[in-house]
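Each remark here refers to the structure printed beneath this line.
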Amino acid sequence: MWQETVTLSGPYHFELALDRLKLDPLHVVDLSNKTIKVPLQENTNRTVIEVKGIGNLHKPEFLIKGEGNQQLLMERISEIFGWHTDLKKIHDHFQNTDLKDLFRTHFGTPLVLDFDPFSCLLKCIIHQQLNLNFAFTLTQRFVQTFGHEQDGVWFYPEPEVVANLTVEELRELQFSRRKAEYVIGIGKLIASGKLDFHKMKQQSDEEIASELIEIRGVGPWTVQNFLMSGLGRPNLFPVADIGLQNALKKYYQLEQKPTTAEMEQMKTPWEPYLTYASLYLWRSIE
DNA sequence: AACCAGGGAAGAT
DNA sequence: ATCTTCCATGGT
């Protein structure tokens, strides 16, 4: 068992990050202790890392405890929590835009990634076209049926397990036939090595998108969400997302939800940090 | 009861 | 290439 502390230059609002993470019933978050347990998985090697906030917005500090390859795991934790991102610079960028007030309200909220790319992709598929409550319920049911529990945290099933599921097994959990087929197909794709997340680190958003969009069940919305929540890319804005449409309608007090063309127009001043615009807009209706 | 939901595939122009 | 319809679930 090792532990270490990390100190960042602010802002970084860990409580707001935990607040959002808590939306997912699979996340083990303790708000009063400012703690989250992070399940990390590499092949069949599973480990749980505990991250505890011991600083504040302007002087962020964390205590991290875990077991295993400390350097490798710390690198991954840092990536997941966006500790390398300059949130002040991003905030300042939006002070010259319409979203000025939105960014003040959510000042210092980081983008926290899904704990691994495969889980992220599965979660995206499961969440398609479902209201958030049921989407989380369905995901939880899936993970607790086919995944593994360790130290009080649930791990998503490995690709090999997903690849060998049947449509009927998933239908029992209230998956639609389509959704079941998509999920199993992606399991097979990863298990067979035809899709490899590791190489994506060196690829551009466009290169990754053109490969992912070929997958059955993966459309533009899923690609954009994966690039954001799976890989932490900073400049994505899923115009097809109902949540974003509703958030914009509310923020600008529109009569109707904006069209995709209108959203394309709105977003230009927010580049190259569209992901943070998306994130804070989602936060505004959560 | 009818319509909506953090979409996408398949079919029809 | 773009537009329309169908898919299937729970929630309101």
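Residues in the structure tokens are numbered from 1 in each chain, the chains being A, B, ... in the order shown, and ligands are numbered from 1 in the order shown.
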| query | What are the residues of chain A that have an atom within 12 Å of an atom of chain C, counting only C-alpha atoms (C1' of nucleotides), as a VMD selection string? | reply | chain A and resid 126 to 138 171 to 180
Filtering to N, CA and C atoms, could you give me those residues as a PDB file, in the first residue's frame?
ATOM      1  N   ILE A 126     -25.307   2.398 -23.951  1.00  0.00           N
ATOM      2  CA  ILE A 126     -26.442   2.126 -23.072  1.00  0.00           C
ATOM      3  C   ILE A 126     -27.267   3.396 -22.844  1.00  0.00           C
ATOM      4  N   HIS A 127     -26.608   4.539 -22.789  1.00  0.00           N
ATOM      5  CA  HIS A 127     -27.300   5.798 -22.490  1.00  0.00           C
ATOM      6  C   HIS A 127     -28.046   6.402 -23.676  1.00  0.00           C
ATOM      7  N   GLN A 128     -27.751   5.892 -24.886  1.00  0.00           N
ATOM      8  CA  GLN A 128     -28.387   6.485 -26.061  1.00  0.00           C
ATOM      9  C   GLN A 128     -29.906   6.522 -25.930  1.00  0.00           C
ATOM     10  N   GLN A 129     -30.473   7.705 -26.140  1.00  0.00           N
ATOM     11  CA  GLN A 129     -31.915   7.875 -26.273  1.00  0.00           C
ATOM     12  C   GLN A 129     -32.688   7.435 -25.035  1.00  0.00           C
ATOM     13  N   LEU A 130     -32.061   7.437 -23.876  1.00  0.00           N
ATOM     14  CA  LEU A 130     -32.761   7.086 -22.638  1.00  0.00           C
ATOM     15  C   LEU A 130     -32.678   8.240 -21.669  1.00  0.00           C
ATOM     16  N   ASN A 131     -33.727   8.418 -20.878  1.00  0.00           N
ATOM     17  CA  ASN A 131     -33.644   9.441 -19.835  1.00  0.00           C
ATOM     18  C   ASN A 131     -32.572   9.045 -18.833  1.00  0.00           C
ATOM     19  N   LEU A 132     -31.936  10.037 -18.222  1.00  0.00           N
ATOM     20  CA  LEU A 132     -30.749   9.782 -17.401  1.00  0.00           C
ATOM     21  C   LEU A 132     -30.981   8.757 -16.298  1.00  0.00           C
ATOM     22  N   ASN A 133     -32.132   8.857 -15.640  1.00  0.00           N
ATOM     23  CA  ASN A 133     -32.401   7.948 -14.527  1.00  0.00           C
ATOM     24  C   ASN A 133     -32.385   6.495 -14.966  1.00  0.00           C
ATOM     25  N   PHE A 134     -33.151   6.215 -15.987  1.00  0.00           N
ATOM     26  CA  PHE A 134     -33.214   4.833 -16.447  1.00  0.00           C
ATOM     27  C   PHE A 134     -31.881   4.402 -17.046  1.00  0.00           C
ATOM     28  N   ALA A 135     -31.195   5.321 -17.714  1.00  0.00           N
ATOM     29  CA  ALA A 135     -29.897   5.006 -18.310  1.00  0.00           C
ATOM     30  C   ALA A 135     -28.908   4.538 -17.234  1.00  0.00           C
ATOM     31  N   PHE A 136     -28.874   5.255 -16.132  1.00  0.00           N
ATOM     32  CA  PHE A 136     -27.972   4.870 -15.044  1.00  0.00           C
ATOM     33  C   PHE A 136     -28.407   3.548 -14.414  1.00  0.00           C
ATOM     34  N   THR A 137     -29.715   3.369 -14.254  1.00  0.00           N
ATOM     35  CA  THR A 137     -30.227   2.115 -13.704  1.00  0.00           C
ATOM     36  C   THR A 137     -29.828   0.935 -14.582  1.00  0.00           C
ATOM     37  N   LEU A 138     -29.999   1.114 -15.885  1.00  0.00           N
ATOM     38  CA  LEU A 138     -29.700   0.045 -16.831  1.00  0.00           C
ATOM     39  C   LEU A 138     -28.206  -0.288 -16.817  1.00  0.00           C
ATOM     40  N   ARG A 171     -31.578  -8.674 -22.837  1.00  0.00           N
ATOM     41  CA  ARG A 171     -33.003  -8.330 -22.893  1.00  0.00           C
ATOM     42  C   ARG A 171     -33.648  -8.540 -21.531  1.00  0.00           C
ATOM     43  N   GLU A 172     -33.162  -9.534 -20.786  1.00  0.00           N
ATOM     44  CA  GLU A 172     -33.702  -9.771 -19.447  1.00  0.00           C
ATOM     45  C   GLU A 172     -33.494  -8.565 -18.539  1.00  0.00           C
ATOM     46  N   LEU A 173     -32.428  -7.800 -18.818  1.00  0.00           N
ATOM     47  CA  LEU A 173     -32.155  -6.611 -18.005  1.00  0.00           C
ATOM     48  C   LEU A 173     -32.912  -5.391 -18.531  1.00  0.00           C
ATOM     49  N   GLN A 174     -33.715  -5.593 -19.575  1.00  0.00           N
ATOM     50  CA  GLN A 174     -34.507  -4.541 -20.219  1.00  0.00           C
ATOM     51  C   GLN A 174     -33.720  -3.730 -21.243  1.00  0.00           C
ATOM     52  N   PHE A 175     -32.686  -4.338 -21.806  1.00  0.00           N
ATOM     53  CA  PHE A 175     -32.066  -3.762 -22.997  1.00  0.00           C
ATOM     54  C   PHE A 175     -33.010  -3.973 -24.176  1.00  0.00           C
ATOM     55  N   SER A 176     -33.035  -3.035 -25.100  1.00  0.00           N
ATOM     56  CA  SER A 176     -33.725  -3.302 -26.362  1.00  0.00           C
ATOM     57  C   SER A 176     -32.839  -4.256 -27.169  1.00  0.00           C
ATOM     58  N   ARG A 177     -33.447  -4.920 -28.132  1.00  0.00           N
ATOM     59  CA  ARG A 177     -32.674  -5.858 -28.961  1.00  0.00           C
ATOM     60  C   ARG A 177     -31.499  -5.153 -29.634  1.00  0.00           C
ATOM     61  N   ARG A 178     -31.804  -3.980 -30.202  1.00  0.00           N
ATOM     62  CA  ARG A 178     -30.768  -3.197 -30.868  1.00  0.00           C
ATOM     63  C   ARG A 178     -29.587  -2.898 -29.940  1.00  0.00           C
ATOM     64  N   LYS A 179     -29.928  -2.356 -28.778  1.00  0.00           N
ATOM     65  CA  LYS A 179     -28.895  -1.960 -27.830  1.00  0.00           C
ATOM     66  C   LYS A 179     -28.048  -3.167 -27.435  1.00  0.00           C
ATOM     67  N   ALA A 180     -28.700  -4.303 -27.246  1.00  0.00           N
ATOM     68  CA  ALA A 180     -27.990  -5.525 -26.889  1.00  0.00           C
ATOM     69  C   ALA A 180     -26.998  -5.907 -27.995  1.00  0.00           C
TER      70      ALA A 180
END
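The part of chain B that reaches within 10 Å of chain A is made up of DC4, DA5, DG6, DG7, DG8 and DA9 of chain B, counting only C-alpha atoms (C1' of nucleotides).
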Same residues, N, CA and C atoms (P, O5', C5', C4', C3', O3' and C1' of nucleotides), output as an mmCIF file, in the first residue's frame:
data_model
loop_
_atom_site.group_PDB
_atom_site.id
_atom_site.type_symbol
_atom_site.label_atom_id
_atom_site.label_comp_id
_atom_site.auth_asym_id
_atom_site.auth_seq_id
_atom_site.Cartn_x
_atom_site.Cartn_y
_atom_site.Cartn_z
ATOM 1 P P DC B 4 -42.964 15.395 -28.115
ATOM 2 O "O5'" DC B 4 -41.849 15.057 -27.032
ATOM 3 C "C5'" DC B 4 -42.013 15.531 -25.696
ATOM 4 C "C4'" DC B 4 -41.057 14.776 -24.797
ATOM 5 C "C3'" DC B 4 -39.617 14.712 -25.337
ATOM 6 O "O3'" DC B 4 -38.762 15.291 -24.380
ATOM 7 C "C1'" DC B 4 -40.356 12.574 -24.582
ATOM 8 P P DA B 5 -37.235 15.646 -24.781
ATOM 9 O "O5'" DA B 5 -36.435 14.376 -24.225
ATOM 10 C "C5'" DA B 5 -36.468 14.109 -22.842
ATOM 11 C "C4'" DA B 5 -35.706 12.830 -22.556
ATOM 12 C "C3'" DA B 5 -34.268 12.783 -23.083
ATOM 13 O "O3'" DA B 5 -33.474 12.204 -22.066
ATOM 14 C "C1'" DA B 5 -35.460 10.888 -23.853
ATOM 15 P P DG B 6 -32.761 13.204 -21.020
ATOM 16 O "O5'" DG B 6 -31.247 13.380 -21.543
ATOM 17 C "C5'" DG B 6 -30.549 12.301 -22.025
ATOM 18 C "C4'" DG B 6 -29.891 12.721 -23.340
ATOM 19 C "C3'" DG B 6 -29.149 11.568 -24.021
ATOM 20 O "O3'" DG B 6 -28.994 11.922 -25.405
ATOM 21 C "C1'" DG B 6 -27.600 13.096 -23.147
ATOM 22 P P DG B 7 -30.125 11.394 -26.496
ATOM 23 O "O5'" DG B 7 -29.431 10.307 -27.436
ATOM 24 C "C5'" DG B 7 -28.629 10.681 -28.568
ATOM 25 C "C4'" DG B 7 -28.174 9.396 -29.198
ATOM 26 C "C3'" DG B 7 -27.445 9.567 -30.526
ATOM 27 O "O3'" DG B 7 -26.402 8.618 -30.574
ATOM 28 C "C1'" DG B 7 -29.441 8.330 -30.854
ATOM 29 P P DG B 8 -25.545 8.504 -31.875
ATOM 30 O "O5'" DG B 8 -26.302 7.373 -32.700
ATOM 31 C "C5'" DG B 8 -26.411 6.087 -32.109
ATOM 32 C "C4'" DG B 8 -26.965 5.116 -33.114
ATOM 33 C "C3'" DG B 8 -26.352 5.249 -34.513
ATOM 34 O "O3'" DG B 8 -26.045 3.952 -34.970
ATOM 35 C "C1'" DG B 8 -28.710 5.441 -34.628
ATOM 36 P P DA B 9 -25.489 3.649 -36.415
ATOM 37 O "O5'" DA B 9 -26.652 2.775 -37.069
ATOM 38 C "C5'" DA B 9 -27.130 1.645 -36.342
ATOM 39 C "C4'" DA B 9 -28.259 0.983 -37.111
ATOM 40 C "C3'" DA B 9 -27.935 0.657 -38.556
ATOM 41 O "O3'" DA B 9 -28.545 -0.584 -38.870
ATOM 42 C "C1'" DA B 9 -29.762 2.172 -38.469
#
| request: Would you list the contacts of Phe226 (chain A) as number ranges by chain, taking every protein, DNA or RNA residue within 9 Å and counting only C-alpha atoms (C1' of nucleotides), but skipping same-chain residues closer than 6 positions in sequence? | output: A: 117, 120-121, 124, 232-233
| Atomic separation - CA of Leu248 (chain A) relative to CA of Leu281 (chain A), Å |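 Separating CA of Leu281 (chain A) from CA of Leu248 (chain A) is a distance of 7.1 Å.
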| said: Among region 92-184 of chain A, which residues does DSSP mark as alpha helix (DSSP H) when it is run on the backbone? Keep the chain and numbering as in the structure and answer as a ChimeraX atom specification. | reply: /A:92-94,100-105,117-127,132-146,159-163,167-171,177-184
| For the atom pair CA of Ser278 (chain A) and CA of Phe237 (chain A), what is the interatomic distance in Å to one decimal place? |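 Computing it gives 5.9 Å between the two atoms.
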